[in-house]
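final.cif, holding mmCIF, C-alpha atoms:
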data_upload
loop_
_atom_site.label_atom_id
_atom_site.label_comp_id
_atom_site.auth_asym_id
_atom_site.auth_seq_id
_atom_site.Cartn_x
_atom_site.Cartn_y
_atom_site.Cartn_z
CA MET A 720 -170.90 -36.66 -164.62
CA ASP A 721 -168.91 -33.56 -163.64
CA LEU A 722 -167.83 -32.58 -160.15
CA ASP A 723 -170.60 -30.01 -159.63
CA THR A 724 -173.24 -32.67 -160.30
CA VAL A 725 -171.67 -34.82 -157.58
CA LEU A 726 -171.52 -31.87 -155.16
CA ARG A 727 -175.19 -31.03 -155.84
CA ALA A 728 -176.14 -34.67 -155.27
CA ILE A 729 -174.32 -34.61 -151.91
CA GLU A 730 -176.19 -31.43 -150.94
CA ALA A 731 -179.50 -33.03 -151.87
CA THR A 732 -179.14 -35.98 -149.48
CA ALA A 733 -181.51 -36.03 -146.51
CA ILE A 734 -178.73 -35.63 -143.94
CA ALA A 735 -177.15 -32.69 -145.78
CA THR A 736 -180.53 -30.99 -146.03
CA GLU A 737 -181.18 -31.48 -142.33
CA ILE A 738 -177.79 -29.98 -141.38
CA ARG A 739 -178.33 -27.03 -143.75
CA GLU A 740 -181.92 -26.26 -142.81
CA GLY A 741 -182.12 -27.57 -139.25
CA GLU A 742 -182.38 -25.12 -136.38
CA SER A 743 -179.08 -25.94 -134.69
CA SER A 744 -177.48 -28.99 -136.35
CA PHE A 745 -174.73 -26.94 -137.98
CA PRO A 746 -173.40 -25.20 -134.83
CA TRP A 747 -173.55 -28.44 -132.83
CA ILE A 748 -171.54 -30.37 -135.42
CA GLU A 749 -169.21 -27.41 -135.90
CA SER A 750 -168.50 -27.27 -132.15
CA ILE A 751 -167.60 -30.97 -132.17
CA HIS A 752 -165.40 -30.34 -135.22
CA VAL A 753 -163.54 -27.49 -133.47
CA LEU A 754 -163.04 -29.56 -130.30
CA ALA A 755 -161.77 -32.54 -132.32
CA ILE A 756 -159.43 -30.57 -134.56
CA ALA A 757 -157.99 -28.72 -131.54
CA LEU A 758 -157.14 -32.10 -130.01
CA VAL A 759 -155.69 -33.42 -133.30
CA VAL A 760 -153.37 -30.44 -133.71
CA GLY A 761 -152.55 -30.04 -130.03
CA SER A 762 -151.72 -33.72 -129.51
CA ILE A 763 -149.72 -34.17 -132.73
CA SER A 764 -147.68 -31.11 -131.78
CA ILE A 765 -146.62 -32.88 -128.56
CA VAL A 766 -145.08 -35.59 -130.79
CA ASP A 767 -143.65 -32.99 -133.21
CA LEU A 768 -141.95 -31.08 -130.39
CA ARG A 769 -140.42 -34.35 -129.10
CA LEU A 770 -139.13 -35.16 -132.61
CA LEU A 771 -137.61 -31.68 -132.76
CA GLY A 772 -135.94 -32.25 -129.39
CA TRP A 773 -137.71 -29.21 -127.92
CA ALA A 774 -140.03 -30.77 -125.30
CA SER A 775 -140.62 -34.05 -123.41
CA ILE A 776 -136.92 -34.72 -124.07
CA GLU A 777 -136.43 -36.74 -120.90
CA ARG A 778 -138.95 -39.25 -122.22
CA ALA A 779 -138.25 -41.82 -124.97
CA VAL A 780 -139.80 -40.97 -128.34
CA ARG A 781 -141.78 -44.22 -128.41
CA ARG A 782 -143.19 -43.53 -124.94
CA VAL A 783 -144.43 -40.14 -126.15
CA THR A 784 -145.96 -41.47 -129.38
CA GLY A 785 -147.49 -44.41 -127.49
CA SER A 786 -149.37 -42.22 -125.04
CA VAL A 787 -150.28 -39.38 -127.43
CA LEU A 788 -151.06 -40.86 -130.86
CA PRO A 789 -154.17 -42.82 -129.75
CA VAL A 790 -155.66 -39.45 -128.74
CA THR A 791 -154.65 -37.98 -132.12
CA TRP A 792 -156.28 -40.80 -134.08
CA ILE A 793 -159.55 -40.83 -132.14
CA ALA A 794 -159.80 -37.05 -132.46
CA PHE A 795 -158.94 -37.28 -136.17
CA VAL A 796 -161.78 -39.71 -136.85
CA VAL A 797 -164.23 -37.41 -135.02
CA ALA A 798 -162.90 -34.38 -136.93
CA ALA A 799 -163.17 -36.20 -140.27
CA VAL A 800 -166.73 -37.41 -139.69
CA SER A 801 -167.98 -34.07 -138.36
CA GLY A 802 -166.10 -32.27 -141.15
CA ALA A 803 -167.67 -34.49 -143.80
CA LEU A 804 -171.12 -33.71 -142.40
CA LEU A 805 -170.46 -29.95 -142.43
CA PHE A 806 -169.11 -30.23 -145.99
CA SER A 807 -172.18 -32.15 -147.18
CA SER A 808 -174.53 -29.36 -146.06
CA ASN A 809 -173.05 -26.90 -148.59
CA ALA A 810 -170.87 -29.14 -150.76
CA LEU A 811 -171.06 -26.91 -153.84
CA THR A 812 -170.00 -23.75 -151.98
CA TYR A 813 -167.16 -25.47 -150.12
CA GLY A 814 -166.05 -27.29 -153.27
CA HIS A 815 -165.47 -23.94 -154.97
CA ASN A 816 -163.91 -22.14 -152.00
CA THR A 817 -160.17 -21.55 -152.48
CA TRP A 818 -159.40 -21.68 -148.75
CA PHE A 819 -161.26 -24.96 -148.41
CA LEU A 820 -159.27 -26.51 -151.27
CA LEU A 821 -156.04 -25.10 -149.79
CA LYS A 822 -156.94 -26.64 -146.43
CA PHE A 823 -157.19 -30.03 -148.08
CA GLY A 824 -153.89 -29.48 -149.86
CA PHE A 825 -152.20 -28.95 -146.49
CA LEU A 826 -154.12 -31.87 -144.97
CA ALA A 827 -152.80 -34.12 -147.78
CA ALA A 828 -149.28 -32.76 -147.20
CA ALA A 829 -149.57 -33.56 -143.47
CA GLY A 830 -150.76 -37.06 -144.42
CA VAL A 831 -147.85 -37.70 -146.80
CA ASN A 832 -145.40 -36.37 -144.20
CA MET A 833 -146.91 -38.73 -141.62
CA LEU A 834 -146.66 -41.73 -143.99
CA VAL A 835 -143.02 -40.95 -144.84
CA PHE A 836 -142.26 -40.75 -141.13
CA GLN A 837 -144.22 -43.86 -140.17
CA PHE A 838 -142.90 -46.16 -142.92
CA GLY A 839 -139.48 -44.60 -143.45
CA ILE A 840 -137.82 -42.54 -140.73
CA ASN A 841 -139.57 -44.36 -137.86
CA GLY A 842 -138.06 -47.69 -138.95
CA SER A 843 -134.84 -46.84 -137.15
CA VAL A 844 -136.50 -45.36 -134.03
CA ALA A 845 -134.97 -48.07 -131.80
CA THR A 846 -131.52 -46.55 -132.42
CA TRP A 847 -132.51 -42.98 -131.46
CA ASP A 848 -135.49 -43.57 -129.16
CA ASN A 849 -133.71 -42.18 -126.10
CA ARG A 850 -131.73 -39.44 -127.79
CA THR A 851 -132.59 -35.91 -126.71
CA THR A 852 -132.32 -34.74 -130.32
CA PRO A 853 -133.52 -37.24 -132.94
CA PRO A 854 -131.79 -37.44 -136.37
CA PRO A 855 -132.31 -34.59 -138.89
CA SER A 856 -134.89 -36.53 -140.93
CA ALA A 857 -137.09 -37.02 -137.85
CA ARG A 858 -136.67 -33.37 -136.86
CA LEU A 859 -137.67 -32.30 -140.35
CA ALA A 860 -140.78 -34.49 -140.18
CA GLY A 861 -141.69 -32.85 -136.86
CA ALA A 862 -141.17 -29.33 -138.20
CA LEU A 863 -143.18 -30.01 -141.37
CA SER A 864 -146.02 -31.54 -139.36
CA LEU A 865 -146.26 -28.44 -137.14
CA LEU A 866 -146.22 -26.19 -140.20
CA PHE A 867 -148.84 -28.15 -142.16
CA TRP A 868 -151.26 -28.42 -139.23
CA VAL A 869 -151.04 -24.71 -138.43
CA ALA A 870 -151.79 -24.09 -142.12
CA VAL A 871 -154.79 -26.45 -141.97
CA ILE A 872 -156.23 -24.52 -139.00
CA THR A 873 -155.55 -21.15 -140.62
CA CYS A 874 -157.20 -22.09 -143.92
CA GLY A 875 -160.10 -23.68 -142.04
CA ARG A 876 -160.77 -20.47 -140.15
CA TRP A 877 -160.59 -18.45 -143.38
CA VAL A 878 -163.24 -20.69 -144.96
CA GLY A 879 -165.76 -19.32 -142.46
CA PHE A 880 -165.07 -15.76 -143.60
CA THR A 881 -165.18 -16.34 -147.35
CA LEU A 882 -168.53 -18.10 -147.75
CA GLN A 883 -171.79 -16.36 -148.48
CA PRO A 884 -173.40 -14.62 -145.45
CA GLY A 885 -175.66 -16.62 -143.20
CA LEU A 886 -173.32 -19.52 -142.54
CA GLY A 887 -171.85 -18.03 -139.39
CA GLY A 888 -168.39 -16.49 -138.88
CA MET B 39 -177.42 -10.19 -119.23
CA LYS B 40 -177.97 -7.16 -121.47
CA THR B 41 -178.24 -4.07 -119.29
CA LYS B 42 -178.28 -0.46 -120.47
CA ALA B 43 -174.88 0.09 -118.85
CA LEU B 44 -173.40 -2.89 -120.70
CA LEU B 45 -174.77 -1.70 -124.04
CA ASP B 46 -173.40 1.80 -123.42
CA PHE B 47 -170.03 0.25 -122.56
CA CYS B 48 -170.10 -1.68 -125.86
CA ASP B 49 -170.85 1.55 -127.74
CA THR B 50 -167.92 3.27 -126.02
CA ILE B 51 -165.52 0.48 -127.05
CA ASP B 52 -167.02 0.43 -130.53
CA ALA B 53 -166.23 4.13 -130.97
CA THR B 54 -162.55 3.82 -130.02
CA ALA B 55 -159.90 4.17 -132.71
CA LEU B 56 -158.63 0.64 -132.01
CA SER B 57 -162.05 -0.92 -132.50
CA GLN B 58 -162.58 1.05 -135.70
CA ALA B 59 -159.17 -0.06 -136.98
CA ILE B 60 -159.95 -3.74 -136.29
CA GLN B 61 -163.33 -3.38 -138.00
CA ALA B 62 -161.76 -1.70 -141.03
CA THR B 63 -159.10 -4.35 -141.57
CA LYS B 64 -160.71 -7.51 -142.88
CA TRP B 65 -157.95 -9.99 -142.06
CA VAL B 66 -157.53 -9.09 -138.36
CA VAL B 67 -160.50 -11.07 -136.99
CA PRO B 68 -159.81 -14.34 -138.88
CA LEU B 69 -156.09 -14.09 -138.06
CA VAL B 70 -156.70 -13.47 -134.35
CA GLN B 71 -159.32 -16.25 -134.29
CA THR B 72 -156.70 -18.59 -135.80
CA VAL B 73 -154.23 -17.68 -133.02
CA HIS B 74 -157.06 -18.18 -130.49
CA ILE B 75 -157.84 -21.68 -131.84
CA LEU B 76 -154.16 -22.69 -131.91
CA ALA B 77 -153.83 -21.63 -128.26
CA ILE B 78 -156.98 -23.62 -127.44
CA ALA B 79 -155.39 -26.62 -129.19
CA ALA B 80 -152.26 -26.31 -127.03
CA LEU B 81 -154.21 -25.80 -123.82
CA LEU B 82 -156.82 -28.49 -124.45
CA SER B 83 -154.30 -31.19 -125.37
CA SER B 84 -152.20 -30.39 -122.30
CA VAL B 85 -155.26 -30.48 -120.05
CA LEU B 86 -156.25 -33.78 -121.68
CA MET B 87 -152.83 -35.39 -121.09
CA ILE B 88 -152.89 -34.37 -117.40
CA ASN B 89 -156.46 -35.57 -116.99
CA LEU B 90 -155.88 -38.86 -118.84
CA ARG B 91 -153.02 -39.51 -116.41
CA LEU B 92 -155.29 -38.61 -113.50
CA LEU B 93 -157.84 -41.07 -114.88
CA GLY B 94 -155.10 -43.71 -115.25
CA VAL B 95 -155.83 -44.05 -118.99
CA ALA B 96 -152.62 -42.74 -120.60
CA GLY B 97 -149.03 -41.87 -119.65
CA THR B 98 -149.07 -44.28 -116.73
CA ASP B 99 -145.33 -44.93 -117.20
CA GLN B 100 -144.84 -41.51 -115.55
CA THR B 101 -146.10 -40.11 -112.25
CA LEU B 102 -148.92 -37.57 -112.31
CA ALA B 103 -146.53 -35.00 -110.87
CA ARG B 104 -144.13 -35.60 -113.79
CA VAL B 105 -146.90 -35.35 -116.41
CA SER B 106 -148.19 -32.17 -114.73
CA GLU B 107 -144.70 -30.65 -114.74
CA ARG B 108 -144.50 -31.22 -118.50
CA PHE B 109 -147.94 -29.86 -119.41
CA ARG B 110 -148.85 -27.37 -116.67
CA PRO B 111 -146.64 -24.59 -118.15
CA VAL B 112 -148.36 -25.02 -121.53
CA VAL B 113 -151.74 -24.48 -119.84
CA TRP B 114 -150.58 -21.34 -118.02
CA TRP B 115 -148.80 -19.90 -121.08
CA SER B 116 -151.77 -20.53 -123.37
CA LEU B 117 -154.07 -18.55 -121.09
CA PRO B 118 -152.48 -15.08 -121.63
CA VAL B 119 -152.46 -15.77 -125.39
CA LEU B 120 -156.15 -16.69 -125.23
CA LEU B 121 -156.91 -13.66 -123.10
CA ALA B 122 -155.05 -11.26 -125.41
CA SER B 123 -156.50 -12.68 -128.64
CA GLY B 124 -159.95 -12.85 -127.05
CA LEU B 125 -159.65 -9.23 -125.97
CA ILE B 126 -158.82 -8.11 -129.52
CA LEU B 127 -161.89 -9.98 -130.79
CA ILE B 128 -164.06 -8.30 -128.12
CA ILE B 129 -162.70 -4.82 -128.95
CA GLY B 130 -163.39 -5.48 -132.63
CA GLU B 131 -167.01 -6.53 -132.03
CA PRO B 132 -167.91 -5.62 -128.41
CA ALA B 133 -171.67 -6.13 -128.57
CA ARG B 134 -171.34 -9.46 -130.41
CA ALA B 135 -169.36 -10.85 -127.48
CA LEU B 136 -170.17 -9.02 -124.24
CA THR B 137 -173.97 -9.11 -124.51
CA ASN B 138 -174.00 -12.68 -125.86
CA PRO B 139 -175.36 -15.30 -123.39
CA PHE B 140 -172.92 -17.90 -124.73
CA PHE B 141 -169.99 -15.54 -124.11
CA GLN B 142 -171.24 -14.89 -120.57
CA LEU B 143 -171.64 -18.65 -120.01
CA LYS B 144 -168.13 -19.21 -121.39
CA MET B 145 -166.63 -16.74 -118.90
CA CYS B 146 -168.48 -18.34 -115.97
CA LEU B 147 -167.26 -21.81 -117.00
CA LEU B 148 -163.73 -20.41 -117.36
CA VAL B 149 -163.72 -19.08 -113.78
CA VAL B 150 -164.98 -22.42 -112.46
CA VAL B 151 -162.46 -24.51 -114.41
CA LEU B 152 -159.56 -22.27 -113.36
CA ILE B 153 -160.52 -22.71 -109.71
CA VAL B 154 -160.82 -26.49 -110.19
CA THR B 155 -157.41 -26.58 -111.92
CA LEU B 156 -155.70 -24.51 -109.23
CA LEU B 157 -157.21 -26.57 -106.42
CA SER B 158 -156.29 -29.90 -108.04
CA GLN B 159 -152.73 -28.92 -109.04
CA ARG B 160 -151.86 -27.18 -105.76
CA PRO B 161 -151.53 -30.31 -103.54
CA LEU B 162 -149.01 -31.84 -106.00
CA TYR B 163 -146.40 -29.24 -105.07
CA GLY B 164 -146.23 -30.47 -101.49
CA ASP B 165 -147.04 -34.15 -102.07
CA SER B 166 -146.44 -35.55 -105.57
CA ARG B 167 -148.48 -38.67 -104.70
CA PHE B 168 -151.45 -36.72 -103.36
CA TRP B 169 -153.92 -37.92 -106.01
CA ASP B 170 -152.51 -41.48 -106.01
CA ASN B 171 -153.98 -41.79 -102.54
CA ARG B 172 -157.35 -40.32 -103.58
CA VAL B 173 -158.05 -42.12 -106.86
CA ALA B 174 -161.83 -41.75 -106.99
CA THR B 175 -161.79 -38.03 -106.20
CA GLY B 176 -158.96 -37.53 -108.70
CA ARG B 177 -160.97 -39.23 -111.43
CA ALA B 178 -164.06 -37.17 -110.66
CA ILE B 179 -162.00 -33.98 -110.90
CA ALA B 180 -160.47 -35.10 -114.21
CA MET B 181 -163.94 -35.75 -115.68
CA LEU B 182 -165.23 -32.42 -114.38
CA SER B 183 -162.26 -30.57 -115.84
CA LEU B 184 -162.67 -32.18 -119.28
CA LEU B 185 -166.41 -31.46 -119.23
CA LEU B 186 -165.87 -27.80 -118.31
CA TRP B 187 -163.19 -27.23 -120.97
CA SER B 188 -165.37 -28.87 -123.63
CA GLY B 189 -168.23 -26.63 -122.51
CA ILE B 190 -165.99 -23.59 -122.95
CA VAL B 191 -165.12 -24.61 -126.54
CA PHE B 192 -168.79 -25.26 -127.35
CA ALA B 193 -169.97 -21.98 -125.82
CA GLY B 194 -167.19 -20.17 -127.72
CA ARG B 195 -168.32 -21.53 -131.08
CA TRP B 196 -171.98 -20.80 -130.32
CA ILE B 197 -171.25 -17.07 -129.84
CA ALA B 198 -171.29 -16.86 -133.65
CA TYR B 199 -174.88 -18.11 -133.81
CA LEU B 200 -176.76 -15.85 -131.42
#
Structure translated into structure tokens:
Amino acid sequence: MDLDTVLRAIEATAIATEIREGESSFPWIESIHVLAIALVVGSISIVDLRLLGWASIERAVRRVTGSVLPVTWIAFVVAAVSGALLFSSNALTYGHNTWFLLKFGFLAAAGVNMLVFQFGINGSVATWDNRTTPPPSARLAGALSLLFWVAVITCGRWVGFTLQPGLGG
Amino acid sequence: MKTKALLDFCDTIDATALSQAIQATKWVVPLVQTVHILAIAALLSSVLMINLRLLGVAGTDQTLARVSERFRPVVWWSLPVLLASGLILIIGEPARALTNPFFQLKMCLLVVVLIVTLLSQRPLYGDSRFWDNRVATGRAIAMLSLLLWSGIVFAGRWIAYL
């Protein structure tokens, strides 16, 4: 079974059909997606800026991550679910859209960066928790995260302009 | 609202060299929309952190005044970016925005939320514990603010569909 067969099967599901053909399902889900992704990127950037030593510097790194990351994760789950629903409605078109694939490349990069930070760099956080400027590895993780998430948003917005007409700008 | 005067105004903007230039360059609108969304991300997250503190849900290791000091500038700096990027989008497609009920709703909600934000932040300058002594009112304001900002994001996305 090739990929296109899978994408067509996704499109043919009842929920995908409803989102595609329904009067207003798509814009409702899309609005939720925009709200969620804005909160993902906005909240993670609060952590990134702390790692870079650029903002919230009077506050310990673990205090910042503790109060911000729960917001990031909840918003991420909402963004992922709403995004999956939007994808299902036109799986074949999205699956062949360069910007969409690029978006997922950057999303994967942000994920790997986060894992490297969480299970590597963050292991020593106790020793630099209160430092205004964290070590270079942590600063690099913060900078890469900012970069990848801005790229995710940019590609995501370009998806809307490179699909066939009728899907909304 | 879709009066003759408004439609004429849209035509006037549409005919300007700037509008024509934006319309002729394909990448301007998606690029400016990207900037607009990034500014919304910065603003929304900052508003959320202030309001979560007001609700007593997150950041309780710091005072509300301290949390506000950290995030208030982000809110006020995001606004001119949103205004400028929004203005470019309007000049590029005046009728799509100005005559659109969702755009008009978005602007009304914006005025309301700005007034709510100003009124709720103002007392903190004189008395940093102002909202600590008025917990219930503070929570109601936080909920109202989050509801209004979410409404603004929703209305903004719906402009594309009407």
Applied to this file, what does the PyMOL selection byres ((chain B) within 8 of (chain A)) return in terms of residues, put as a PyMOL selection string? chain B and resi 68-69+71-72+75-76+78-84+87+96-97+108+188+191-192+195-196+198-199
Please expand the PyMOL selection byres ((chain B and resi 99-101) around 10) into the concrete residues it hits in this file, giving the result as an mmCIF file with C-alpha atoms, in the coordinates of the input.
data_model
loop_
_atom_site.group_PDB
_atom_site.id
_atom_site.type_symbol
_atom_site.label_atom_id
_atom_site.label_comp_id
_atom_site.auth_asym_id
_atom_site.auth_seq_id
_atom_site.Cartn_x
_atom_site.Cartn_y
_atom_site.Cartn_z
ATOM 1 C CA ARG A 778 -138.950 -39.250 -122.220
ATOM 2 C CA ARG A 782 -143.190 -43.530 -124.940
ATOM 3 C CA SER A 786 -149.370 -42.220 -125.040
ATOM 4 C CA ARG B 91 -153.020 -39.510 -116.410
ATOM 5 C CA LEU B 92 -155.290 -38.610 -113.500
ATOM 6 C CA ALA B 96 -152.620 -42.740 -120.600
ATOM 7 C CA GLY B 97 -149.030 -41.870 -119.650
ATOM 8 C CA THR B 98 -149.070 -44.280 -116.730
ATOM 9 C CA LEU B 102 -148.920 -37.570 -112.310
ATOM 10 C CA ALA B 103 -146.530 -35.000 -110.870
ATOM 11 C CA ARG B 104 -144.130 -35.600 -113.790
ATOM 12 C CA VAL B 105 -146.900 -35.350 -116.410
ATOM 13 C CA SER B 106 -148.190 -32.170 -114.730
ATOM 14 C CA GLU B 107 -144.700 -30.650 -114.740
ATOM 15 C CA SER B 166 -146.440 -35.550 -105.570
ATOM 16 C CA ARG B 167 -148.480 -38.670 -104.700
ATOM 17 C CA ASP B 170 -152.510 -41.480 -106.010
#
Selected by the PyMOL selection byres ((chain B and resi 176) around 12) in the shown coordinates: which residues, as a PyMOL selection string? chain B and resi 88-94+102+154-155+157-159+161-162+167-175+177-183
Just the number, please: distance in Å from CA of Leu127 in chain B to CA of Leu44 in chain B, one decimal.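 Straight-line distance from CA of Leu127 in chain B to CA of Leu44 in chain B works out to 16.9 Å.
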Please list as a short mmCIF file (atom, residue, chain, number, x, y, z; two decimals) with C-alpha atoms, keeping the file's coordinate frame every residue within 8 Å of Tyr813 in chain A, counting all atoms listed in the file and excluding residues in the same chain fewer than 5 positions away.
data_model
loop_
_atom_site.label_atom_id
_atom_site.label_comp_id
_atom_site.auth_asym_id
_atom_site.auth_seq_id
_atom_site.Cartn_x
_atom_site.Cartn_y
_atom_site.Cartn_z
CA PHE A 806 -169.11 -30.23 -145.99
CA PHE A 819 -161.26 -24.96 -148.41
CA LEU A 882 -168.53 -18.10 -147.75
#
Find the residue from A:Gly741, A:Gly772, A:Gly830, A:Gly842 that sits nearest to Leu859 in chain A; use all atoms listed in the file when measuring.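 The closest residue to Leu859 in chain A is A:Gly772.
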How far is it from CA of Leu136 in chain B to CA of His74 in chain B, in Å with one decimal? 17.2 Å
Top pick for closest residue to Met145 in chain B, considering B:Gly189, B:Gly164, B:Pro111, B:Pro118 and counting all atoms listed in the file: B:Gly189
CA of Glu730 in chain A to CA of Ser808 in chain A, distance in Å rounded to a single decimal: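 Straight-line distance from CA of Glu730 in chain A to CA of Ser808 in chain A works out to 5.6 Å.
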Test item: residues at most 10 Å from Asn849 in chain A, only C-alpha atoms, excluding those fewer than 5 positions along its chain, as a PyMOL selection string: chain A and resi 776-782+844
Could you pull the residues within 12 Å of Met833 in chain A, counting only C-alpha atoms, minus those fewer than 3 positions along the same chain, as a PyMOL selection string? chain A and resi 763+766-767+788+826-830+836-841+857+859-865+867-868
